[in-house]
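Dropping entry.cif in here (mmCIF, C-alpha atoms):
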```cif
data_run
#
loop_
_atom_site.label_atom_id
_atom_site.label_comp_id
_atom_site.auth_asym_id
_atom_site.auth_seq_id
_atom_site.Cartn_x
_atom_site.Cartn_y
_atom_site.Cartn_z
CA VAL K 1377 106.46 80.79 82.65
CA PRO K 1378 103.73 81.11 85.30
CA PRO K 1379 101.51 78.14 86.11
CA PRO K 1380 97.97 79.01 84.93
CA ASP K 1381 96.55 78.63 88.45
CA ALA K 1382 99.05 81.20 89.74
CA ILE K 1383 98.18 83.95 87.26
CA PRO K 1384 95.42 85.67 89.34
CA SER K 1385 97.62 85.81 92.46
CA LEU K 1386 100.61 87.04 90.41
CA LYS K 1387 98.55 89.86 88.96
CA GLN K 1388 97.23 90.71 92.42
CA ALA K 1389 100.83 90.88 93.66
CA GLY K 1390 101.68 93.44 90.98
CA PHE K 1391 103.26 91.27 88.31
CA SER K 1392 102.61 91.78 84.63
CA VAL K 1393 101.48 88.66 82.77
CA VAL K 1394 102.14 88.94 79.03
CA THR K 1395 100.76 86.61 76.35
CA ASN K 1396 100.64 86.66 72.57
CA SER K 1397 99.61 84.39 69.74
CA TYR K 1398 102.61 82.16 69.23
CA PRO K 1399 103.71 79.61 66.56
CA HIS K 1400 103.54 76.57 68.81
CA VAL K 1401 101.03 73.74 68.47
CA TRP K 1402 100.26 71.07 71.09
CA PRO K 1403 98.81 67.99 69.31
CA TRP K 1404 98.67 64.24 69.36
CA PHE K 1405 100.35 62.55 66.36
CA PHE K 1406 98.34 59.67 64.84
CA GLN K 1407 100.25 56.59 63.67
CA THR K 1408 98.96 55.71 60.20
CA GLY K 1409 101.55 53.01 59.46
CA GLY K 1410 102.05 49.51 60.78
CA ASN K 1411 99.34 46.96 61.54
CA ALA K 1412 98.33 47.83 65.12
CA THR K 1413 96.74 51.23 64.52
CA SER K 1414 93.14 52.34 64.05
CA PHE K 1415 94.26 55.61 62.45
CA LYS K 1416 94.65 54.40 58.87
CA ASP K 1417 90.99 55.39 58.41
CA VAL K 1418 90.68 59.15 57.86
CA ARG K 1419 87.19 59.06 59.40
CA VAL K 1420 88.72 58.08 62.75
CA ARG K 1421 91.20 60.95 62.59
CA GLN K 1422 88.57 63.47 61.53
CA GLY K 1423 86.08 62.15 64.07
CA LEU K 1424 88.47 62.61 66.98
CA ASN K 1425 89.14 66.18 65.86
CA TYR K 1426 85.39 66.85 66.25
CA CYS K 1427 85.29 65.20 69.71
CA VAL K 1428 87.69 67.64 71.43
CA ASP K 1429 86.29 70.40 73.64
CA ARG K 1430 89.18 72.79 73.05
CA ALA K 1431 87.46 75.72 74.77
CA GLY K 1432 87.23 73.70 77.97
CA LEU K 1433 90.97 73.00 77.85
CA VAL K 1434 91.68 76.69 77.27
CA GLN K 1435 89.60 77.42 80.37
CA LEU K 1436 91.59 74.83 82.35
CA LEU K 1437 94.76 76.67 81.26
CA ASN K 1438 93.35 80.01 82.43
CA GLY K 1439 93.37 81.48 78.93
CA THR K 1440 97.07 80.79 78.24
CA ALA K 1441 96.28 78.79 75.08
CA GLU K 1442 93.94 79.05 72.09
CA PRO K 1443 92.07 76.30 70.22
CA SER K 1444 93.94 74.55 67.43
CA VAL K 1445 92.05 73.33 64.35
CA GLY K 1446 95.08 72.89 62.09
CA TRP K 1447 98.84 73.11 62.11
CA LEU K 1448 98.43 76.83 61.46
CA LYS K 1449 95.81 79.08 63.07
CA PRO K 1450 92.60 79.97 61.21
CA GLY K 1451 93.67 83.61 60.99
CA ASP K 1452 96.94 82.72 59.29
CA PRO K 1453 96.95 83.78 55.62
CA ASN K 1454 98.27 80.34 54.69
CA PHE K 1455 95.54 78.39 56.52
CA GLY K 1456 93.77 77.70 53.21
CA THR K 1457 90.17 76.66 52.62
CA PRO K 1458 89.80 73.09 53.91
CA GLU K 1459 86.45 71.32 53.75
CA GLN K 1460 86.69 70.28 57.40
CA ARG K 1461 86.15 72.99 60.02
CA TYR K 1462 86.74 71.36 63.37
CA GLY K 1463 84.85 72.41 66.45
CA PHE K 1464 83.35 70.63 69.44
CA ASP K 1465 80.69 68.53 67.70
CA PRO K 1466 80.38 65.15 69.48
CA ALA K 1467 77.47 64.07 67.26
CA LYS K 1468 79.54 64.53 64.12
CA GLY K 1469 82.56 62.94 65.78
CA LYS K 1470 80.58 59.87 66.85
CA ALA K 1471 79.00 59.57 63.41
CA LEU K 1472 82.42 59.52 61.75
CA LEU K 1473 83.71 56.97 64.27
CA ALA K 1474 80.60 54.83 63.74
CA ALA K 1475 81.14 54.91 59.97
CA ALA K 1476 84.64 53.54 60.65
CA GLY K 1477 83.21 50.74 62.82
CA PHE K 1478 83.55 52.20 66.32
CA GLY K 1479 80.68 52.78 68.75
CA PRO K 1480 79.27 51.74 72.14
CA GLN K 1481 79.62 48.02 71.35
CA ASN K 1482 83.11 48.44 69.91
CA PRO K 1483 84.67 51.59 71.41
CA LEU K 1484 87.81 53.07 69.91
CA LYS K 1485 90.73 52.30 72.24
CA PHE K 1486 94.33 53.43 71.93
CA LYS K 1487 97.39 54.43 73.94
CA VAL K 1488 99.24 57.76 73.71
CA MET K 1489 102.90 58.16 74.69
CA ILE K 1490 103.26 61.43 76.63
CA SER K 1491 106.02 63.12 78.60
CA ALA K 1492 105.80 64.36 82.17
CA SER K 1493 107.40 67.67 81.13
CA GLY K 1494 109.98 69.16 78.77
CA SER K 1495 110.58 71.51 75.86
CA GLY K 1496 107.68 73.93 76.11
CA GLN K 1497 105.10 71.23 76.70
CA MET K 1498 102.90 73.53 78.82
CA LEU K 1499 101.26 71.23 81.42
CA PRO K 1500 101.16 67.83 79.71
CA LEU K 1501 99.89 65.71 82.59
CA PRO K 1502 96.71 67.68 83.50
CA MET K 1503 96.14 68.53 79.83
CA ASN K 1504 96.26 64.88 78.82
CA GLU K 1505 94.06 63.86 81.75
CA TYR K 1506 91.56 66.42 80.50
CA MET K 1507 91.77 64.93 76.98
CA GLN K 1508 91.23 61.43 78.34
CA GLN K 1509 88.07 62.46 80.21
CA ASN K 1510 86.81 64.69 77.36
CA LEU K 1511 87.09 61.96 74.70
CA LYS K 1512 85.46 59.37 76.96
CA GLU K 1513 82.52 61.58 77.89
CA ALA K 1514 81.97 63.16 74.47
CA CYS K 1515 82.51 60.20 72.13
CA GLY K 1516 83.03 57.07 74.22
CA VAL K 1517 86.72 56.83 73.25
CA GLU K 1518 88.99 54.99 75.71
CA VAL K 1519 92.49 56.48 75.92
CA GLY K 1520 95.40 55.12 77.94
CA PHE K 1521 98.83 56.67 78.46
CA GLU K 1522 102.45 55.60 78.38
CA VAL K 1523 104.13 58.29 80.50
CA THR K 1524 107.84 58.76 79.87
CA GLU K 1525 110.50 61.45 80.01
CA TRP K 1526 111.08 63.94 77.22
CA ASN K 1527 114.22 62.47 75.64
CA THR K 1528 112.69 58.99 75.53
CA LEU K 1529 109.68 60.49 73.75
CA LEU K 1530 111.98 62.16 71.21
CA THR K 1531 113.69 58.84 70.56
CA ALA K 1532 110.29 57.18 70.11
CA VAL K 1533 109.23 59.82 67.58
CA ARG K 1534 112.24 58.86 65.47
CA SER K 1535 111.22 55.19 65.59
CA GLY K 1536 109.03 53.16 63.27
CA PRO K 1537 105.50 51.96 64.06
CA GLU K 1538 105.26 49.19 66.66
CA ALA K 1539 108.86 49.76 67.81
CA PRO K 1540 109.37 48.30 71.33
CA ILE K 1541 110.12 51.77 72.76
CA LEU K 1542 106.49 52.78 72.05
CA SER K 1543 105.09 50.10 74.38
CA GLY K 1544 102.01 49.71 72.19
CA SER K 1545 101.34 53.43 71.74
CA THR K 1546 99.70 54.40 68.45
CA ALA K 1547 99.76 58.13 69.17
CA VAL K 1548 102.40 60.43 70.68
CA ASN K 1549 102.28 63.90 72.23
CA PRO K 1550 105.25 66.15 71.51
CA SER K 1551 104.63 69.82 70.79
CA SER K 1552 105.98 71.61 67.74
CA PRO K 1553 106.84 75.04 66.43
CA SER K 1554 104.64 75.97 63.49
CA SER K 1555 106.70 78.96 62.45
CA ASP K 1556 107.98 77.97 59.02
CA PRO K 1557 107.19 75.56 56.14
CA SER K 1558 110.58 73.90 56.65
CA VAL K 1559 109.24 72.63 59.99
CA ALA K 1560 106.15 71.28 58.21
CA ALA K 1561 108.45 69.47 55.78
CA ARG K 1562 110.12 67.38 58.47
CA TYR K 1563 106.78 66.41 60.06
CA PHE K 1564 104.66 65.69 57.00
CA LEU K 1565 106.70 64.85 53.88
CA GLN K 1566 107.36 61.22 52.99
CA ALA K 1567 111.06 62.02 52.69
CA PHE K 1568 111.12 62.50 56.48
CA VAL K 1569 109.60 59.23 57.62
CA PRO K 1570 111.83 57.87 60.43
CA PRO K 1571 114.74 57.50 60.69
CA ASN K 1572 115.11 60.47 58.32
CA GLY K 1573 112.92 62.89 60.27
CA PHE K 1574 109.84 63.41 62.40
CA ASN K 1575 107.06 62.12 60.13
CA TRP K 1576 106.42 59.54 62.84
CA ALA K 1577 102.83 59.28 61.66
CA GLN K 1578 104.05 57.69 58.40
CA TRP K 1579 101.53 60.09 56.82
CA ASN K 1580 101.44 60.03 53.04
CA ASP K 1581 99.23 62.46 51.13
CA PRO K 1582 100.03 62.85 47.40
CA ALA K 1583 98.12 66.16 47.18
CA PHE K 1584 100.18 67.55 50.05
CA GLU K 1585 103.39 66.36 48.41
CA ALA K 1586 102.42 68.03 45.12
CA ALA K 1587 101.47 71.31 46.83
CA PHE K 1588 104.69 71.31 48.83
CA LEU K 1589 106.70 70.81 45.66
CA GLU K 1590 104.95 73.89 44.25
CA LEU K 1591 105.88 75.77 47.43
CA GLU K 1592 109.54 74.77 47.14
CA ASN K 1593 109.67 75.89 43.51
CA ALA K 1594 107.72 79.14 43.95
CA ARG K 1595 109.51 82.20 42.64
CA ASP K 1596 107.21 84.90 44.01
CA GLU K 1597 105.26 85.47 47.20
CA ALA K 1598 101.83 84.95 45.66
CA ALA K 1599 102.74 81.53 44.28
CA PHE K 1600 104.38 80.56 47.58
CA ASN K 1601 101.31 81.55 49.63
CA ALA K 1602 98.90 79.78 47.26
CA ALA K 1603 100.90 76.55 47.45
CA TYR K 1604 101.29 76.75 51.23
CA ALA K 1605 97.53 77.28 51.66
CA LYS K 1606 96.81 74.30 49.41
CA ALA K 1607 99.23 72.14 51.38
CA HIS K 1608 97.80 73.22 54.73
CA ALA K 1609 94.25 72.43 53.64
CA ARG K 1610 95.37 68.82 53.21
CA LEU K 1611 96.73 68.82 56.78
CA VAL K 1612 93.21 69.69 57.95
CA ASP K 1613 91.12 67.51 55.65
CA ASN K 1614 93.38 64.44 55.94
CA PRO K 1615 94.70 65.11 59.45
CA PRO K 1616 97.89 63.35 60.53
CA TRP K 1617 97.42 64.90 63.99
CA LEU K 1618 94.75 65.54 66.57
CA TYR K 1619 94.88 69.33 66.75
CA ILE K 1620 94.30 70.47 70.34
CA VAL K 1621 95.66 73.91 71.33
CA HIS K 1622 98.24 76.54 70.45
CA ASP K 1623 100.38 77.94 73.27
CA LEU K 1624 100.05 81.68 74.07
CA ASN K 1625 103.50 81.65 75.70
CA PRO K 1626 102.67 83.39 79.01
CA ARG K 1627 105.42 85.26 80.83
CA ALA K 1628 105.23 86.85 84.26
CA MET K 1629 107.54 89.69 85.27
CA SER K 1630 107.89 92.49 87.76
CA ARG K 1631 106.29 95.80 86.80
CA ARG K 1632 109.83 97.21 86.95
CA VAL K 1633 110.48 95.46 83.64
CA LYS K 1634 109.79 97.94 80.81
CA GLY K 1635 109.88 97.64 77.05
CA PHE K 1636 109.14 93.93 76.76
CA VAL K 1637 107.12 93.05 73.64
CA SER K 1638 106.05 89.42 73.30
CA ALA K 1639 107.08 88.39 69.80
CA GLN K 1640 105.07 86.01 67.63
CA SER K 1641 108.24 83.98 67.32
CA TRP K 1642 110.43 81.50 69.13
CA PHE K 1643 113.07 84.27 69.19
CA GLN K 1644 112.70 87.18 71.60
CA ASP K 1645 114.42 90.58 71.24
CA LEU K 1646 115.75 91.73 74.61
CA VAL K 1647 117.44 94.90 73.28
CA THR K 1648 114.32 96.95 74.07
CA VAL K 1649 114.00 95.65 77.63
CA ASP K 1650 114.98 97.78 80.63
CA LEU K 1651 114.70 97.42 84.37
CA GLN K 1652 113.57 100.54 86.27
#
```
Let's see the structure in the file written out as structure tokens.
Amino acid sequence: VPPPDAIPSLKQAGFSVVTNSYPHVWPWFFQTGGNATSFKDVRVRQGLNYCVDRAGLVQLLNGTAEPSVGWLKPGDPNFGTPEQRYGFDPAKGKALLAAAGFGPQNPLKFKVMISASGSGQMLPLPMNEYMQQNLKEACGVEVGFEVTEWNTLLTAVRSGPEAPILSGSTAVNPSSPSSDPSVAARYFLQAFVPPNGFNWAQWNDPAFEAAFLELENARDEAAFNAAYAKAHARLVDNPPWLYIVHDLNPRAMSRRVKGFVSAQSWFQDLVTVDLQ
């Protein structure tokens, strides 16, 4: 994986840099349980999703990511028709935060647990520093960080709200595949609240639960897709996460490498690849 800053020099040196839309989302998880969080109010979660300048972060990453406005991408047939359509709209973001009681006299403040690296995290330190500055400048939000290593973060994500390992963090920043509804199940269904799974957010949306039950019981593709789209719309309108970017999975290789096709998958077929 080439660092974004190195891509121009790699291309100049004759390397091929291959990207493709990829089922991998880089978000912040909001904690909606416990007593120490501001994220119980959906207006706070929606407001923050309007405060993010995703295009600026894509530019920082030299085009190796694309904006995320949901768990799935807007072009996905299962994205659905949510009422909320997030974009960089600080005025709308600040209005939602103000309705929830946060503004210049009482700024929203919270801490995010992040990792220094690990497991396809792209460039978490500069990306999170960008987010910190973006949210402060756009909406007056004050974000602090608890920086840890990847396995500690994974342990924290399997812990309940206000667990000592979180050190006061009410948001966390792992990345996730978004390749299959079974992955959505472990992040968003009530059955997978820790310690049973990765619904660290303690998110509970009855409409999502009902739509997911329809998905699980679907007996044809049309019914499956309709239920998945309905479920995903709830992930946008009642967001358990701050949706930031999707990874484009850049790879750099010698021009001697032939036959490589970047799959829209976490699994890559190397049978077609040859070295000339």
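Applied to this file, the PyMOL selection byres ((chain K and resi 1404-1407) around 6) selects Pro1403, Thr1408, Gly1409, Thr1546, Ala1547, Val1548, Asn1549, Ala1577, Pro1616, Trp1617 and Leu1618 of chain K.
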Requested in this report: Counting only C-alpha atoms, write as a VMD selection string all protein and nucleic acid residues lying at most 6 Å from (88.0, 56.2, 72.8) in the file's frame.
Outcome: chain K and resid 1483 to 1485 1512 1516 to 1519
Please dump the current selection as a short mmCIF file (atom, residue, chain, number, x, y, z; two decimals), in the coordinates of the input; keep C-alpha atoms.
```cif
data_model
loop_
_atom_site.label_atom_id
_atom_site.label_comp_id
_atom_site.auth_asym_id
_atom_site.auth_seq_id
_atom_site.Cartn_x
_atom_site.Cartn_y
_atom_site.Cartn_z
CA PRO K 1483 84.67 51.59 71.41
CA LEU K 1484 87.81 53.07 69.91
CA LYS K 1485 90.73 52.30 72.24
CA LYS K 1512 85.46 59.37 76.96
CA GLY K 1516 83.03 57.07 74.22
CA VAL K 1517 86.72 56.83 73.25
CA GLU K 1518 88.99 54.99 75.71
CA VAL K 1519 92.49 56.48 75.92
#
```
Requested in this report: Convert the output of the PyMOL selection byres ((chain K and resi 1438) around 10) on the shown file into explicit residues, formatted as a PyMOL selection string.
Outcome: chain K and resi 1379-1384+1432-1437+1439-1441
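Taking atom CA of Ser1545 of chain K as the reference point, atom CA of Lys1487 of chain K is found at 4.6 Å.
Residues selected in this file by the PyMOL selection byres ((chain K and resi 1521) around 7) comprise Lys1487, Val1488, Met1489, Ile1490, Val1519, Gly1520, Glu1522 and Val1523 of chain K.
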Requested in this report: Please provide the set of residues having any atom within 12 Å of Gly1477 of chain K, restricted to all atoms listed in the file, with same-chain residues fewer than 6 positions apart removed, written as an MDAnalysis selection string.
Outcome: chainID K and resid 1414 1417 1419:1420 1423 1470:1471 1483:1484
Report task. Would you please work out which residue, of K:Ala1628, K:Ala1412, K:Ala1567, K:Ala1598, is nearest to Asp1581 of chain K when using only C-alpha atoms? Result -> K:Ala1567
Query raised in the report: Between K:Gly1635, K:Ser1630, K:Tyr1604, K:Tyr1619, which one has atoms that come closest to Gly1456 of chain K, using all atoms listed in the file?
Result: K:Tyr1604
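Closest approach to Ala1639 of chain K among K:Gly1573, K:Pro1399, K:Pro1378, K:Gly1451: K:Pro1399, based on all atoms listed in the file.
Using only C-alpha atoms for every distance, the candidate list K:Asp1452, K:Asp1613, K:Asp1429, K:Glu1442 yields K:Asp1429 as the residue closest to Phe1464 of chain K.
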Requested in this report: For Pro1453 of chain K, work out the shell of residues within 10 Å, counting all atoms listed in the file and skipping chain neighbours fewer than 3 positions away, then give it as a ChimeraX atom specification.
Outcome: /K:1448-1450,1456,1601-1602,1604-1605
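By only C-alpha atoms, and with residues fewer than 2 positions from Phe1600 of chain K along its chain excluded, the set lying at most 12 Å from it is Pro1453, Asn1454, Pro1557, Ala1587, Phe1588, Leu1589, Glu1590, Leu1591, Glu1592, Asn1593, Ala1594, Arg1595, Asp1596, Glu1597, Ala1598, Ala1602, Ala1603, Tyr1604, Ala1605, Lys1606 and Ala1607 of chain K.
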Query raised in the report: Could you name the residues that touch Pro1540 of chain K at 12 Å or less, counting only C-alpha atoms, but leaving out those on the same chain fewer than 6 positions away, as a ChimeraX atom specification?
Result: /K:1528,1531-1532,1546
Requested in this report: Write out as a ChimeraX atom specification which residues come within 7 Å of Pro1443 of chain K when counting all atoms listed in the file, dropping same-chain ones fewer than 3 positions away.
Outcome: /K:1430-1431,1620-1622
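Closest approach to Pro1570 of chain K from the set K:Ala1586, K:Ile1541, K:Val1533, K:Leu1511 is made by K:Val1533, with distances taken over all atoms listed in the file.
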Which centre and edge lengths in Å to one decimal define the box along x, y and z that fits every listed atom of segment 1403-1418 of chain K plus 8 Å per side, as AutoDock Vina command-line options?
```
--center_x 96.4 --center_y 57.5 --center_z 63.6 --size_x 27.4 --size_y 37.0 --size_z 27.5
```
Requested in this report: Figure out the distance between atom CA of Leu1530 of chain K and atom CA of Ser1555 of chain K, please, to one decimal in Å.
Outcome: 19.7 Å
Could you write segment 1411-1428 of chain K as a PDB file, in the frame of the given file, with N, CA, C and O atoms rebuilt where they are missing?
```pdb
ATOM      1  N   ASN K1411     100.557  47.781  61.554  1.00  0.00           N
ATOM      2  CA  ASN K1411      99.340  46.960  61.540  1.00  0.00           C
ATOM      3  C   ASN K1411      98.503  47.101  62.803  1.00  0.00           C
ATOM      4  O   ASN K1411      97.393  46.562  62.860  1.00  0.00           O
ATOM      5  N   ALA K1412      99.009  47.804  63.819  1.00  0.00           N
ATOM      6  CA  ALA K1412      98.330  47.830  65.120  1.00  0.00           C
ATOM      7  C   ALA K1412      97.549  49.106  65.361  1.00  0.00           C
ATOM      8  O   ALA K1412      97.119  49.360  66.470  1.00  0.00           O
ATOM      9  N   THR K1413      97.355  49.920  64.328  1.00  0.00           N
ATOM     10  CA  THR K1413      96.740  51.230  64.520  1.00  0.00           C
ATOM     11  C   THR K1413      95.336  51.282  63.936  1.00  0.00           C
ATOM     12  O   THR K1413      95.043  50.623  62.929  1.00  0.00           O
ATOM     13  N   SER K1414      94.489  52.075  64.570  1.00  0.00           N
ATOM     14  CA  SER K1414      93.140  52.340  64.050  1.00  0.00           C
ATOM     15  C   SER K1414      93.101  53.605  63.207  1.00  0.00           C
ATOM     16  O   SER K1414      92.041  53.972  62.696  1.00  0.00           O
ATOM     17  N   PHE K1415      94.245  54.281  63.062  1.00  0.00           N
ATOM     18  CA  PHE K1415      94.260  55.610  62.450  1.00  0.00           C
ATOM     19  C   PHE K1415      94.530  55.603  60.951  1.00  0.00           C
ATOM     20  O   PHE K1415      94.688  56.664  60.350  1.00  0.00           O
ATOM     21  N   LYS K1416      94.549  54.430  60.331  1.00  0.00           N
ATOM     22  CA  LYS K1416      94.650  54.400  58.870  1.00  0.00           C
ATOM     23  C   LYS K1416      93.406  55.024  58.236  1.00  0.00           C
ATOM     24  O   LYS K1416      93.470  55.599  57.152  1.00  0.00           O
ATOM     25  N   ASP K1417      92.270  54.891  58.909  1.00  0.00           N
ATOM     26  CA  ASP K1417      90.990  55.390  58.410  1.00  0.00           C
ATOM     27  C   ASP K1417      90.862  56.879  58.722  1.00  0.00           C
ATOM     28  O   ASP K1417      90.855  57.286  59.887  1.00  0.00           O
ATOM     29  N   VAL K1418      90.758  57.696  57.675  1.00  0.00           N
ATOM     30  CA  VAL K1418      90.680  59.150  57.860  1.00  0.00           C
ATOM     31  C   VAL K1418      89.455  59.540  58.677  1.00  0.00           C
ATOM     32  O   VAL K1418      89.459  60.566  59.377  1.00  0.00           O
ATOM     33  N   ARG K1419      88.390  58.729  58.631  1.00  0.00           N
ATOM     34  CA  ARG K1419      87.190  59.060  59.400  1.00  0.00           C
ATOM     35  C   ARG K1419      87.453  59.018  60.904  1.00  0.00           C
ATOM     36  O   ARG K1419      86.854  59.787  61.669  1.00  0.00           O
ATOM     37  N   VAL K1420      88.352  58.129  61.335  1.00  0.00           N
ATOM     38  CA  VAL K1420      88.720  58.080  62.750  1.00  0.00           C
ATOM     39  C   VAL K1420      89.459  59.353  63.135  1.00  0.00           C
ATOM     40  O   VAL K1420      89.172  59.984  64.164  1.00  0.00           O
ATOM     41  N   ARG K1421      90.398  59.760  62.294  1.00  0.00           N
ATOM     42  CA  ARG K1421      91.200  60.950  62.590  1.00  0.00           C
ATOM     43  C   ARG K1421      90.351  62.219  62.551  1.00  0.00           C
ATOM     44  O   ARG K1421      90.478  63.094  63.414  1.00  0.00           O
ATOM     45  N   GLN K1422      89.478  62.328  61.578  1.00  0.00           N
ATOM     46  CA  GLN K1422      88.570  63.470  61.530  1.00  0.00           C
ATOM     47  C   GLN K1422      87.603  63.443  62.703  1.00  0.00           C
ATOM     48  O   GLN K1422      87.356  64.474  63.348  1.00  0.00           O
ATOM     49  N   GLY K1423      87.046  62.271  62.992  1.00  0.00           N
ATOM     50  CA  GLY K1423      86.080  62.150  64.070  1.00  0.00           C
ATOM     51  C   GLY K1423      86.639  62.613  65.404  1.00  0.00           C
ATOM     52  O   GLY K1423      85.983  63.350  66.156  1.00  0.00           O
ATOM     53  N   LEU K1424      87.866  62.189  65.719  1.00  0.00           N
ATOM     54  CA  LEU K1424      88.470  62.610  66.980  1.00  0.00           C
ATOM     55  C   LEU K1424      88.671  64.118  67.021  1.00  0.00           C
ATOM     56  O   LEU K1424      88.531  64.739  68.085  1.00  0.00           O
ATOM     57  N   ASN K1425      88.975  64.733  65.886  1.00  0.00           N
ATOM     58  CA  ASN K1425      89.140  66.180  65.860  1.00  0.00           C
ATOM     59  C   ASN K1425      87.821  66.915  66.146  1.00  0.00           C
ATOM     60  O   ASN K1425      87.843  68.068  66.586  1.00  0.00           O
ATOM     61  N   TYR K1426      86.679  66.251  65.895  1.00  0.00           N
ATOM     62  CA  TYR K1426      85.390  66.850  66.250  1.00  0.00           C
ATOM     63  C   TYR K1426      84.983  66.546  67.695  1.00  0.00           C
ATOM     64  O   TYR K1426      84.037  67.144  68.205  1.00  0.00           O
ATOM     65  N   CYS K1427      85.664  65.612  68.345  1.00  0.00           N
ATOM     66  CA  CYS K1427      85.290  65.200  69.710  1.00  0.00           C
ATOM     67  C   CYS K1427      85.949  66.053  70.793  1.00  0.00           C
ATOM     68  O   CYS K1427      85.604  65.916  71.968  1.00  0.00           O
ATOM     69  N   VAL K1428      86.905  66.915  70.429  1.00  0.00           N
ATOM     70  CA  VAL K1428      87.690  67.640  71.430  1.00  0.00           C
ATOM     71  C   VAL K1428      87.021  68.956  71.815  1.00  0.00           C
ATOM     72  O   VAL K1428      86.741  69.797  70.963  1.00  0.00           O
TER      73      VAL K1428
END
```
